[in-house]
>>> print(open('run-v9.pdb').read())   # PDB, C-alpha atoms, pLDDT in the B column
MODEL        1
ATOM      1  CA  SER A   1     148.702  63.665  90.090  1.00 44.00           C
ATOM      2  CA  THR A   2     145.384  64.617  91.666  1.00 58.00           C
ATOM      3  CA  THR A   3     143.559  63.974  88.400  1.00 66.00           C
ATOM      4  CA  ARG A   4     140.336  62.012  88.820  1.00 69.00           C
ATOM      5  CA  PHE A   5     140.976  58.774  86.917  1.00 76.00           C
ATOM      6  CA  ASN A   6     138.279  56.302  86.021  1.00 78.00           C
ATOM      7  CA  THR A   7     139.243  53.391  88.295  1.00 79.00           C
ATOM      8  CA  SER A   8     136.065  51.371  88.068  1.00 79.00           C
ATOM      9  CA  PRO A   9     136.586  47.571  87.910  1.00 78.00           C
ATOM     10  CA  THR A  10     135.532  47.512  84.253  1.00 81.00           C
ATOM     11  CA  SER A  11     138.013  50.254  83.325  1.00 80.00           C
ATOM     12  CA  LEU A  12     140.835  48.583  85.260  1.00 81.00           C
ATOM     13  CA  ARG A  13     140.158  45.248  83.468  1.00 84.00           C
ATOM     14  CA  GLN A  14     140.283  47.077  80.100  1.00 87.00           C
ATOM     15  CA  LEU A  15     143.562  48.767  81.038  1.00 86.00           C
ATOM     16  CA  LYS A  16     145.048  45.411  82.173  1.00 87.00           C
ATOM     17  CA  ALA A  17     143.958  43.789  78.919  1.00 90.00           C
ATOM     18  CA  ALA A  18     145.605  46.659  77.013  1.00 91.00           C
ATOM     19  CA  GLY A  19     148.907  45.940  78.755  1.00 91.00           C
ATOM     20  CA  VAL A  20     149.037  48.865  81.217  1.00 88.00           C
ATOM     21  CA  PRO A  21     151.554  47.930  83.983  1.00 89.00           C
ATOM     22  CA  ASP A  22     150.253  47.236  87.501  1.00 84.00           C
ATOM     23  CA  ASP A  23     152.341  50.060  89.053  1.00 83.00           C
ATOM     24  CA  VAL A  24     150.692  52.609  86.729  1.00 84.00           C
ATOM     25  CA  MET A  25     147.207  51.362  87.650  1.00 77.00           C
ATOM     26  CA  LEU A  26     148.147  51.426  91.345  1.00 80.00           C
ATOM     27  CA  ALA A  27     149.299  55.044  90.988  1.00 80.00           C
ATOM     28  CA  MET A  28     145.984  55.894  89.323  1.00 77.00           C
ATOM     29  CA  ILE A  29     144.003  54.288  92.173  1.00 76.00           C
ATOM     30  CA  GLN A  30     146.068  56.095  94.836  1.00 74.00           C
ATOM     31  CA  ALA A  31     145.764  59.453  93.054  1.00 72.00           C
ATOM     32  CA  THR A  32     141.999  59.088  92.801  1.00 61.00           C
ATOM     33  CA  SER A  33     141.596  58.077  96.454  1.00 60.00           C
ATOM     34  CA  SER A  34     143.799  60.946  97.691  1.00 58.00           C
ATOM     35  CA  ALA A  35     142.132  63.595  95.530  1.00 52.00           C
ATOM     36  CA  PRO A  36     140.057  66.023  97.612  1.00 57.00           C
ATOM     37  CA  THR A  37     136.385  65.284  97.187  1.00 55.00           C
ATOM     38  CA  GLY A  38     134.018  68.071  96.340  1.00 58.00           C
ATOM     39  CA  SER A  39     136.717  70.733  96.122  1.00 60.00           C
ATOM     40  CA  ARG A  40     136.917  72.550  92.831  1.00 66.00           C
ATOM     41  CA  SER A  41     138.665  75.770  91.920  1.00 68.00           C
ATOM     42  CA  ARG A  42     136.365  78.669  91.263  1.00 66.00           C
ATOM     43  CA  VAL A  43     136.587  80.186  87.820  1.00 65.00           C
ATOM     44  CA  LYS A  44     137.273  83.879  88.259  1.00 66.00           C
ATOM     45  CA  ASP A  45     137.892  86.407  85.555  1.00 73.00           C
ATOM     46  CA  GLU A  46     138.739  90.089  85.405  1.00 79.00           C
ATOM     47  CA  MET A  47     135.113  90.990  86.223  1.00 80.00           C
ATOM     48  CA  THR A  48     135.424  89.377  89.670  1.00 83.00           C
ATOM     49  CA  SER A  49     138.391  91.527  90.663  1.00 85.00           C
ATOM     50  CA  GLN A  50     136.839  94.630  89.063  1.00 89.00           C
ATOM     51  CA  PHE A  51     133.679  94.198  91.161  1.00 90.00           C
ATOM     52  CA  GLN A  52     135.631  93.620  94.367  1.00 89.00           C
ATOM     53  CA  LYS A  53     137.676  96.772  93.728  1.00 91.00           C
ATOM     54  CA  LEU A  54     134.944  99.085  92.412  1.00 94.00           C
ATOM     55  CA  GLN A  55     132.021  98.260  94.715  1.00 94.00           C
ATOM     56  CA  ASP A  56     133.471 100.677  97.292  1.00 95.00           C
ATOM     57  CA  THR A  57     132.960 103.559  94.836  1.00 96.00           C
ATOM     58  CA  VAL A  58     129.172 103.007  94.816  1.00 96.00           C
ATOM     59  CA  VAL A  59     126.510 104.158  97.296  1.00 96.00           C
ATOM     60  CA  THR A  60     122.744 103.941  97.532  1.00 95.00           C
ATOM     61  CA  VAL A  61     121.108 107.379  97.310  1.00 96.00           C
ATOM     62  CA  TRP A  62     117.906 107.950  99.315  1.00 95.00           C
ATOM     63  CA  SER A  63     115.427 110.786  98.868  1.00 95.00           C
ATOM     64  CA  GLU A  64     111.832 111.503  99.810  1.00 93.00           C
ATOM     65  CA  THR A  65     110.651 109.849  96.613  1.00 85.00           C
ATOM     66  CA  GLY A  66     112.619 106.610  96.862  1.00 86.00           C
ATOM     67  CA  HIS A  67     116.133 105.447  96.162  1.00 93.00           C
ATOM     68  CA  GLY A  68     118.700 105.062  93.420  1.00 94.00           C
ATOM     69  CA  THR A  69     122.426 104.665  93.048  1.00 96.00           C
ATOM     70  CA  GLY A  70     125.319 107.105  93.091  1.00 96.00           C
ATOM     71  CA  PHE A  71     129.073 106.921  92.734  1.00 98.00           C
ATOM     72  CA  ILE A  72     131.871 108.789  94.470  1.00 97.00           C
ATOM     73  CA  VAL A  73     133.912 110.950  92.084  1.00 97.00           C
ATOM     74  CA  ASP A  74     136.057 112.815  94.599  1.00 96.00           C
ATOM     75  CA  PRO A  75     137.570 111.788  97.945  1.00 94.00           C
ATOM     76  CA  MET A  76     136.105 114.952  99.515  1.00 94.00           C
ATOM     77  CA  GLY A  77     132.625 113.435  99.134  1.00 96.00           C
ATOM     78  CA  LEU A  78     131.310 114.523  95.720  1.00 98.00           C
ATOM     79  CA  ILE A  79     128.832 111.958  94.428  1.00 98.00           C
ATOM     80  CA  MET A  80     127.127 111.810  91.038  1.00 98.00           C
ATOM     81  CA  THR A  81     123.649 110.404  90.486  1.00 97.00           C
ATOM     82  CA  ASN A  82     120.576 111.032  88.337  1.00 96.00           C
ATOM     83  CA  HIS A  83     118.498 114.190  88.767  1.00 96.00           C
ATOM     84  CA  HIS A  84     115.318 112.122  88.952  1.00 95.00           C
ATOM     85  CA  VAL A  85     116.713 110.166  91.933  1.00 95.00           C
ATOM     86  CA  VAL A  86     116.939 113.299  94.105  1.00 95.00           C
ATOM     87  CA  GLY A  87     114.533 115.662  92.268  1.00 89.00           C
ATOM     88  CA  SER A  88     113.318 118.452  94.542  1.00 88.00           C
ATOM     89  CA  SER A  89     113.635 116.334  97.674  1.00 91.00           C
ATOM     90  CA  ARG A  90     114.635 118.161 100.862  1.00 92.00           C
ATOM     91  CA  TYR A  91     115.910 114.903 102.374  1.00 96.00           C
ATOM     92  CA  ILE A  92     118.868 113.190 100.703  1.00 97.00           C
ATOM     93  CA  ALA A  93     121.090 110.536 102.240  1.00 96.00           C
ATOM     94  CA  VAL A  94     123.741 108.118 101.007  1.00 96.00           C
ATOM     95  CA  GLN A  95     124.148 104.602 102.303  1.00 94.00           C
ATOM     96  CA  PHE A  96     127.440 102.758 101.999  1.00 93.00           C
ATOM     97  CA  ASP A  97     126.366  99.418 103.462  1.00 90.00           C
ATOM     98  CA  ALA A  98     123.679  97.940 105.694  1.00 87.00           C
ATOM     99  CA  ALA A  99     125.034  99.687 108.803  1.00 90.00           C
ATOM    100  CA  ARG A 100     126.191 103.112 107.558  1.00 92.00           C
ATOM    101  CA  LYS A 101     124.077 105.943 106.140  1.00 94.00           C
ATOM    102  CA  VAL A 102     124.718 109.732 106.243  1.00 96.00           C
ATOM    103  CA  ARG A 103     122.884 112.868 105.164  1.00 97.00           C
ATOM    104  CA  ALA A 104     123.797 114.480 101.857  1.00 97.00           C
ATOM    105  CA  GLU A 105     123.323 117.888 100.232  1.00 97.00           C
ATOM    106  CA  LEU A 106     122.358 118.683  96.666  1.00 96.00           C
ATOM    107  CA  LEU A 107     125.044 120.860  95.052  1.00 97.00           C
ATOM    108  CA  ALA A 108     123.918 120.953  91.422  1.00 96.00           C
ATOM    109  CA  SER A 109     121.273 119.328  89.285  1.00 95.00           C
ATOM    110  CA  ASP A 110     120.205 119.413  85.643  1.00 95.00           C
ATOM    111  CA  PRO A 111     116.858 117.839  84.720  1.00 95.00           C
ATOM    112  CA  LEU A 112     117.651 118.098  80.990  1.00 94.00           C
ATOM    113  CA  THR A 113     120.686 115.808  81.192  1.00 93.00           C
ATOM    114  CA  ASP A 114     119.276 113.993  84.270  1.00 95.00           C
ATOM    115  CA  VAL A 115     122.494 114.501  86.229  1.00 96.00           C
ATOM    116  CA  ALA A 116     122.914 115.627  89.829  1.00 97.00           C
ATOM    117  CA  VAL A 117     125.939 116.196  92.059  1.00 97.00           C
ATOM    118  CA  ILE A 118     125.528 115.750  95.798  1.00 97.00           C
ATOM    119  CA  TRP A 119     127.938 115.990  98.706  1.00 97.00           C
ATOM    120  CA  ALA A 120     128.208 113.792 101.782  1.00 97.00           C
ATOM    121  CA  ASP A 121     130.729 113.541 104.605  1.00 95.00           C
ATOM    122  CA  ILE A 122     132.104 110.136 103.669  1.00 93.00           C
ATOM    123  CA  ARG A 123     134.549 109.971 106.554  1.00 93.00           C
ATOM    124  CA  ALA A 124     132.067 107.512 108.060  1.00 91.00           C
ATOM    125  CA  PHE A 125     133.086 105.144 105.230  1.00 93.00           C
ATOM    126  CA  PRO A 126     136.890 104.761 105.558  1.00 93.00           C
ATOM    127  CA  GLU A 127     137.035 102.137 102.806  1.00 94.00           C
ATOM    128  CA  ALA A 128     135.157 104.329 100.309  1.00 95.00           C
ATOM    129  CA  ALA A 129     137.017 105.043  97.074  1.00 96.00           C
ATOM    130  CA  SER A 130     136.628 107.422  94.154  1.00 96.00           C
ATOM    131  CA  ALA A 131     135.663 106.052  90.771  1.00 97.00           C
ATOM    132  CA  THR A 132     137.941 106.923  87.867  1.00 95.00           C
ATOM    133  CA  LEU A 133     136.229 108.959  85.150  1.00 96.00           C
ATOM    134  CA  SER A 134     137.381 107.898  81.706  1.00 95.00           C
ATOM    135  CA  THR A 135     139.692 110.175  79.779  1.00 92.00           C
ATOM    136  CA  SER A 136     140.187 107.580  77.042  1.00 88.00           C
ATOM    137  CA  ASN A 137     139.236 108.491  73.489  1.00 88.00           C
ATOM    138  CA  PRO A 138     136.848 106.886  72.808  1.00 90.00           C
ATOM    139  CA  PRO A 139     135.839 106.066  76.390  1.00 93.00           C
ATOM    140  CA  VAL A 140     134.008 102.937  75.217  1.00 94.00           C
ATOM    141  CA  GLU A 141     133.712 101.145  71.895  1.00 94.00           C
ATOM    142  CA  GLU A 142     130.761  99.376  70.335  1.00 94.00           C
ATOM    143  CA  GLY A 143     131.007  95.696  71.205  1.00 94.00           C
ATOM    144  CA  GLU A 144     133.024  96.368  74.367  1.00 94.00           C
ATOM    145  CA  ARG A 145     132.011  94.679  77.601  1.00 93.00           C
ATOM    146  CA  VAL A 146     130.494  97.160  80.069  1.00 95.00           C
ATOM    147  CA  PHE A 147     129.082  96.744  83.559  1.00 95.00           C
ATOM    148  CA  THR A 148     127.396  98.606  86.361  1.00 95.00           C
ATOM    149  CA  ILE A 149     127.117  98.275  90.123  1.00 95.00           C
ATOM    150  CA  GLY A 150     123.882  99.472  91.649  1.00 92.00           C
ATOM    151  CA  SER A 151     121.043  99.006  94.109  1.00 87.00           C
ATOM    152  CA  PRO A 152     118.173  97.586  92.065  1.00 82.00           C
ATOM    153  CA  LEU A 153     114.921  96.451  93.648  1.00 73.00           C
ATOM    154  CA  ASN A 154     116.074  97.063  97.249  1.00 71.00           C
ATOM    155  CA  GLN A 155     119.263  95.068  96.741  1.00 75.00           C
ATOM    156  CA  LYS A 156     122.665  96.564  97.557  1.00 81.00           C
ATOM    157  CA  LYS A 157     125.701  96.679  95.255  1.00 89.00           C
ATOM    158  CA  ILE A 158     124.625  94.257  92.562  1.00 90.00           C
ATOM    159  CA  LEU A 159     126.847  93.726  89.510  1.00 92.00           C
ATOM    160  CA  THR A 160     125.245  93.502  86.065  1.00 92.00           C
ATOM    161  CA  THR A 161     127.145  93.206  82.806  1.00 92.00           C
ATOM    162  CA  GLY A 162     126.499  93.611  79.120  1.00 93.00           C
ATOM    163  CA  VAL A 163     127.899  94.911  75.862  1.00 95.00           C
ATOM    164  CA  ALA A 164     127.894  98.461  74.510  1.00 95.00           C
ATOM    165  CA  SER A 165     125.813  98.055  71.366  1.00 95.00           C
ATOM    166  CA  LYS A 166     125.766 101.706  70.228  1.00 94.00           C
ATOM    167  CA  VAL A 167     127.837 104.695  71.303  1.00 93.00           C
ATOM    168  CA  GLU A 168     126.452 108.153  70.563  1.00 91.00           C
ATOM    169  CA  ALA A 169     127.525 111.640  71.605  1.00 86.00           C
ATOM    170  CA  ARG A 170     125.052 111.774  74.512  1.00 88.00           C
ATOM    171  CA  ALA A 171     124.112 108.146  75.041  1.00 91.00           C
ATOM    172  CA  ILE A 172     125.554 104.653  75.318  1.00 93.00           C
ATOM    173  CA  LEU A 173     123.096 101.895  74.497  1.00 93.00           C
ATOM    174  CA  SER A 174     123.792  98.484  76.000  1.00 93.00           C
ATOM    175  CA  ASP A 175     122.077  95.321  77.115  1.00 93.00           C
ATOM    176  CA  VAL A 176     123.057  95.806  80.773  1.00 91.00           C
ATOM    177  CA  ASN A 177     120.039  94.878  82.896  1.00 89.00           C
ATOM    178  CA  ILE A 178     118.848  98.135  84.527  1.00 88.00           C
ATOM    179  CA  ASN A 179     116.048  97.978  87.107  1.00 87.00           C
ATOM    180  CA  PRO A 180     114.453 100.583  89.379  1.00 87.00           C
ATOM    181  CA  GLY A 181     117.138 101.520  91.878  1.00 89.00           C
ATOM    182  CA  ASN A 182     120.009 101.244  89.362  1.00 91.00           C
ATOM    183  CA  SER A 183     119.391 104.821  88.191  1.00 93.00           C
ATOM    184  CA  GLY A 184     122.328 107.102  88.851  1.00 95.00           C
ATOM    185  CA  GLY A 185     124.906 104.334  89.012  1.00 96.00           C
ATOM    186  CA  PRO A 186     128.188 104.268  87.115  1.00 97.00           C
ATOM    187  CA  LEU A 187     128.552 102.551  83.763  1.00 96.00           C
ATOM    188  CA  PHE A 188     132.089 101.163  83.632  1.00 96.00           C
ATOM    189  CA  ASN A 189     134.041 100.248  80.511  1.00 94.00           C
ATOM    190  CA  SER A 190     136.042  97.014  80.368  1.00 92.00           C
ATOM    191  CA  ILE A 191     139.007  98.546  82.234  1.00 92.00           C
ATOM    192  CA  GLY A 192     136.922  99.890  85.117  1.00 94.00           C
ATOM    193  CA  GLU A 193     136.612 103.553  84.092  1.00 96.00           C
ATOM    194  CA  VAL A 194     133.295 105.374  84.381  1.00 97.00           C
ATOM    195  CA  VAL A 195     131.931 106.202  80.927  1.00 96.00           C
ATOM    196  CA  GLY A 196     128.340 107.128  81.789  1.00 95.00           C
ATOM    197  CA  ILE A 197     125.476 107.139  84.260  1.00 95.00           C
ATOM    198  CA  THR A 198     122.858 104.401  84.123  1.00 94.00           C
ATOM    199  CA  THR A 199     119.271 105.536  83.668  1.00 89.00           C
TER     200      THR A 199
ENDMDL
END
>>> encode(input="run-v9.pdb", output="C-alpha cells")
Amino acid sequence: STTRFNTSPTSLRQLKAAGVPDDVMLAMIQATSSAPTGSRSRVKDEMTSQFQKLQDTVVTVWSETGHGTGFIVDPMGLIMTNHHVVGSSRYIAVQFDAARKVRAELLASDPLTDVAVIWADIRAFPEAASATLSTSNPPVEEGERVFTIGSPLNQKKILTTGVASKVEARAILSDVNINPGNSGGPLFNSIGEVVGITT
C-alpha cells in the first residue's frame, strides 16, 4: 500500500505495546518510505472536462468601443454576441487565442434583445468548434448549475460558475460572476448546452 502511515517512534511504540506484529510495522515503514512525496491526484469533476471541451467554442469580440465575448454557433463562422458589444462599430474582429485574430462582419443585430450575429472566416482556427444550442424543455431548471466562458477584464477564456436562481421567459437569473468583457458569452446548462447569452 502507498498509504501514508504514521510511523513516528511514539506511534510505533504504541503499536508494539498493542501487540501489532513486527512484520506489519515493517510493511508500514516501507510503504511510507516508498510513497511518492508531494504527489497528489488532482480532484477533477465534470466541470473540468466541460471547460476543456467548450473553450474552443468561445471567442473574444473586438469593436471600436471595446471588447466582449462571442460563441460560435455554426461551423461556417456564425457567431453570437451582445448588440452592445458591437453596436454601430465599423470595425469588428474575433480573437481565438493570443496569436490569432480575424476580421468579422455584422449580419444582424437587435438592440431590444441585445443580440447580434456576426460572421468570421474561422478557417484560421482549425480547432474551433460550434456550441450546441439547447433544445431541452426546459433548457435549464432553477437550482441547476450553470457556467460561462468569457473574456472578462482583459483575460481570455475564463470559466465562471454559479446556479440558475430564477428562470423566466426572457431571462435567466444566476449568481455567475459577470464582469465587463463577459458580455455576449454563452451561458451553459449543466450538460454543456447553450441556454442564454451573458449580459
>>> closest_residue(input="run-v9.pdb", among="A:Ala116, A:Val163, A:Ile29, A:Val176", to="Gly68 (chain A)", atoms="all atoms listed in the file")
A:Ala116
>>> residues_around(input="run-v9.pdb", residues="Ala171 (chain A)", least_positions_apart="3", cutoff="10 Å", atoms="only C-alpha atoms", output="PyMOL selection string")
chain A and resi 166-168+174+195-198
>>> residues_around(input="run-v9.pdb", residues="Ala129 (chain A)", least_positions_apart="4", cutoff="10 Å", atoms="all atoms listed in the file", output="MDAnalysis selection string")
chainID A and resid 53:58 71:75 77 122 125
>>> resolve_selection(input="run-v9.pdb", expression="the PyMOL selection byres ((chain A and resi 66) around 12)", output="PyMOL selection string")
chain A and resi 60-65+67-69+84-87+89+91-94+151-154+180-183
>>> closest_residue(input="run-v9.pdb", among="A:Ser165, A:Thr10, A:Thr160, A:Ser136", to="Ile191 (chain A)", atoms="all atoms listed in the file")
A:Ser136
>>> axis_aligned_box(input="run-v9.pdb", around="region 138-141 of chain A", padding_each_side="3 Å", output="JSON")
{"center_x": 135.3, "center_y": 104.0, "center_z": 74.1, "size_x": 9.1, "size_y": 11.7, "size_z": 10.5}
>>> resolve_selection(input="run-v9.pdb", expression="the PyMOL selection byres ((chain A and resi 22-26) around 12)", output="VMD selection string")
chain A and resid 1 5 to 9 11 to 21 27 to 33
>>> closest_residue(input="run-v9.pdb", among="A:Glu144, A:Pro138, A:Ile79, A:Gly150", to="Trp119 (chain A)", atoms="only C-alpha atoms")
A:Ile79
>>> resolve_selection(input="run-v9.pdb", expression="the PyMOL selection byres ((chain A and resi 117) around 8)", output="list in words")
Leu78, Ile79, Met80, Thr81, Leu106, Leu107, Ala108, Ser109, Val115, Ala116, Ile118 and Trp119 of chain A
>>> atom_distance(input="run-v9.pdb", atom1="CA of Val59 (chain A)", atom2="CA of Gln95 (chain A)")
5.6 Å
>>> closest_residue(input="run-v9.pdb", among="A:Leu112, A:Glu141, A:Gly185, A:Ile158", to="Ile172 (chain A)", atoms="only C-alpha atoms")
A:Glu141
>>> atom_distance(input="run-v9.pdb", atom1="CA of Phe51 (chain A)", atom2="CA of Thr113 (chain A)")
27.1 Å
>>> atom_distance(input="run-v9.pdb", atom1="CA of Lys157 (chain A)", atom2="CA of Asn189 (chain A)")
17.3 Å
>>> closest_residue(input="run-v9.pdb", among="A:Lys156, A:Leu133, A:Thr148, A:Met76", to="Ala120 (chain A)", atoms="only C-alpha atoms")
A:Met76
>>> residues_around(input="run-v9.pdb", residues="Val146 (chain A)", least_positions_apart="4", cutoff="7 Å", atoms="all atoms listed in the file", output="PyMOL selection string")
chain A and resi 161-164+187-190
>>> write_last_selection(input="run-v9.pdb", atoms="C-alpha atoms", output="mmCIF file, in the coordinates of the input")
data_model
loop_
_atom_site.group_PDB
_atom_site.id
_atom_site.type_symbol
_atom_site.label_atom_id
_atom_site.label_comp_id
_atom_site.auth_asym_id
_atom_site.auth_seq_id
_atom_site.Cartn_x
_atom_site.Cartn_y
_atom_site.Cartn_z
ATOM 1 C CA THR A 161 127.145 93.206 82.806
ATOM 2 C CA GLY A 162 126.499 93.611 79.120
ATOM 3 C CA VAL A 163 127.899 94.911 75.862
ATOM 4 C CA ALA A 164 127.894 98.461 74.510
ATOM 5 C CA LEU A 187 128.552 102.551 83.763
ATOM 6 C CA PHE A 188 132.089 101.163 83.632
ATOM 7 C CA ASN A 189 134.041 100.248 80.511
ATOM 8 C CA SER A 190 136.042 97.014 80.368
#
>>> closest_residue(input="run-v9.pdb", among="A:Glu105, A:Leu173, A:Ser130, A:Glu142", to="Glu193 (chain A)", atoms="all atoms listed in the file")
A:Ser130
>>> build_atoms(input="run-v9.pdb", residues="region 175-188 of chain A", atoms="N, CA and C atoms", output="compact mmCIF listing (two decimals), in the frame of the given file")
# COMPACT_ATOMS: atom_id res chain seq x y z
N ASP A 175 123.04 96.29 76.62
CA ASP A 175 122.08 95.32 77.11
C ASP A 175 122.27 95.03 78.61
N VAL A 176 122.93 95.95 79.32
CA VAL A 176 123.06 95.81 80.77
C VAL A 176 121.66 95.87 81.38
N ASN A 177 121.35 94.95 82.27
CA ASN A 177 120.04 94.88 82.90
C ASN A 177 119.90 95.99 83.93
N ILE A 178 119.07 96.99 83.64
CA ILE A 178 118.85 98.14 84.53
C ILE A 178 117.44 98.03 85.10
N ASN A 179 117.33 98.05 86.42
CA ASN A 179 116.05 97.98 87.11
C ASN A 179 115.86 99.21 87.97
N PRO A 180 114.64 99.47 88.45
CA PRO A 180 114.45 100.58 89.38
C PRO A 180 115.41 100.46 90.56
N GLY A 181 116.11 101.53 90.84
CA GLY A 181 117.14 101.52 91.88
C GLY A 181 118.54 101.58 91.30
N ASN A 182 118.71 101.13 90.04
CA ASN A 182 120.01 101.24 89.36
C ASN A 182 120.28 102.67 88.91
N SER A 183 119.23 103.47 88.74
CA SER A 183 119.39 104.82 88.19
C SER A 183 120.42 105.62 88.98
N GLY A 184 121.31 106.27 88.24
CA GLY A 184 122.33 107.10 88.85
C GLY A 184 123.64 106.39 89.09
N GLY A 185 123.68 105.10 88.79
CA GLY A 185 124.91 104.33 89.01
C GLY A 185 125.91 104.54 87.90
N PRO A 186 127.14 104.11 88.13
CA PRO A 186 128.19 104.27 87.12
C PRO A 186 128.12 103.18 86.06
N LEU A 187 128.34 103.54 84.81
CA LEU A 187 128.55 102.55 83.76
C LEU A 187 130.05 102.50 83.53
N PHE A 188 130.65 101.34 83.77
CA PHE A 188 132.09 101.16 83.63
C PHE A 188 132.42 100.53 82.29
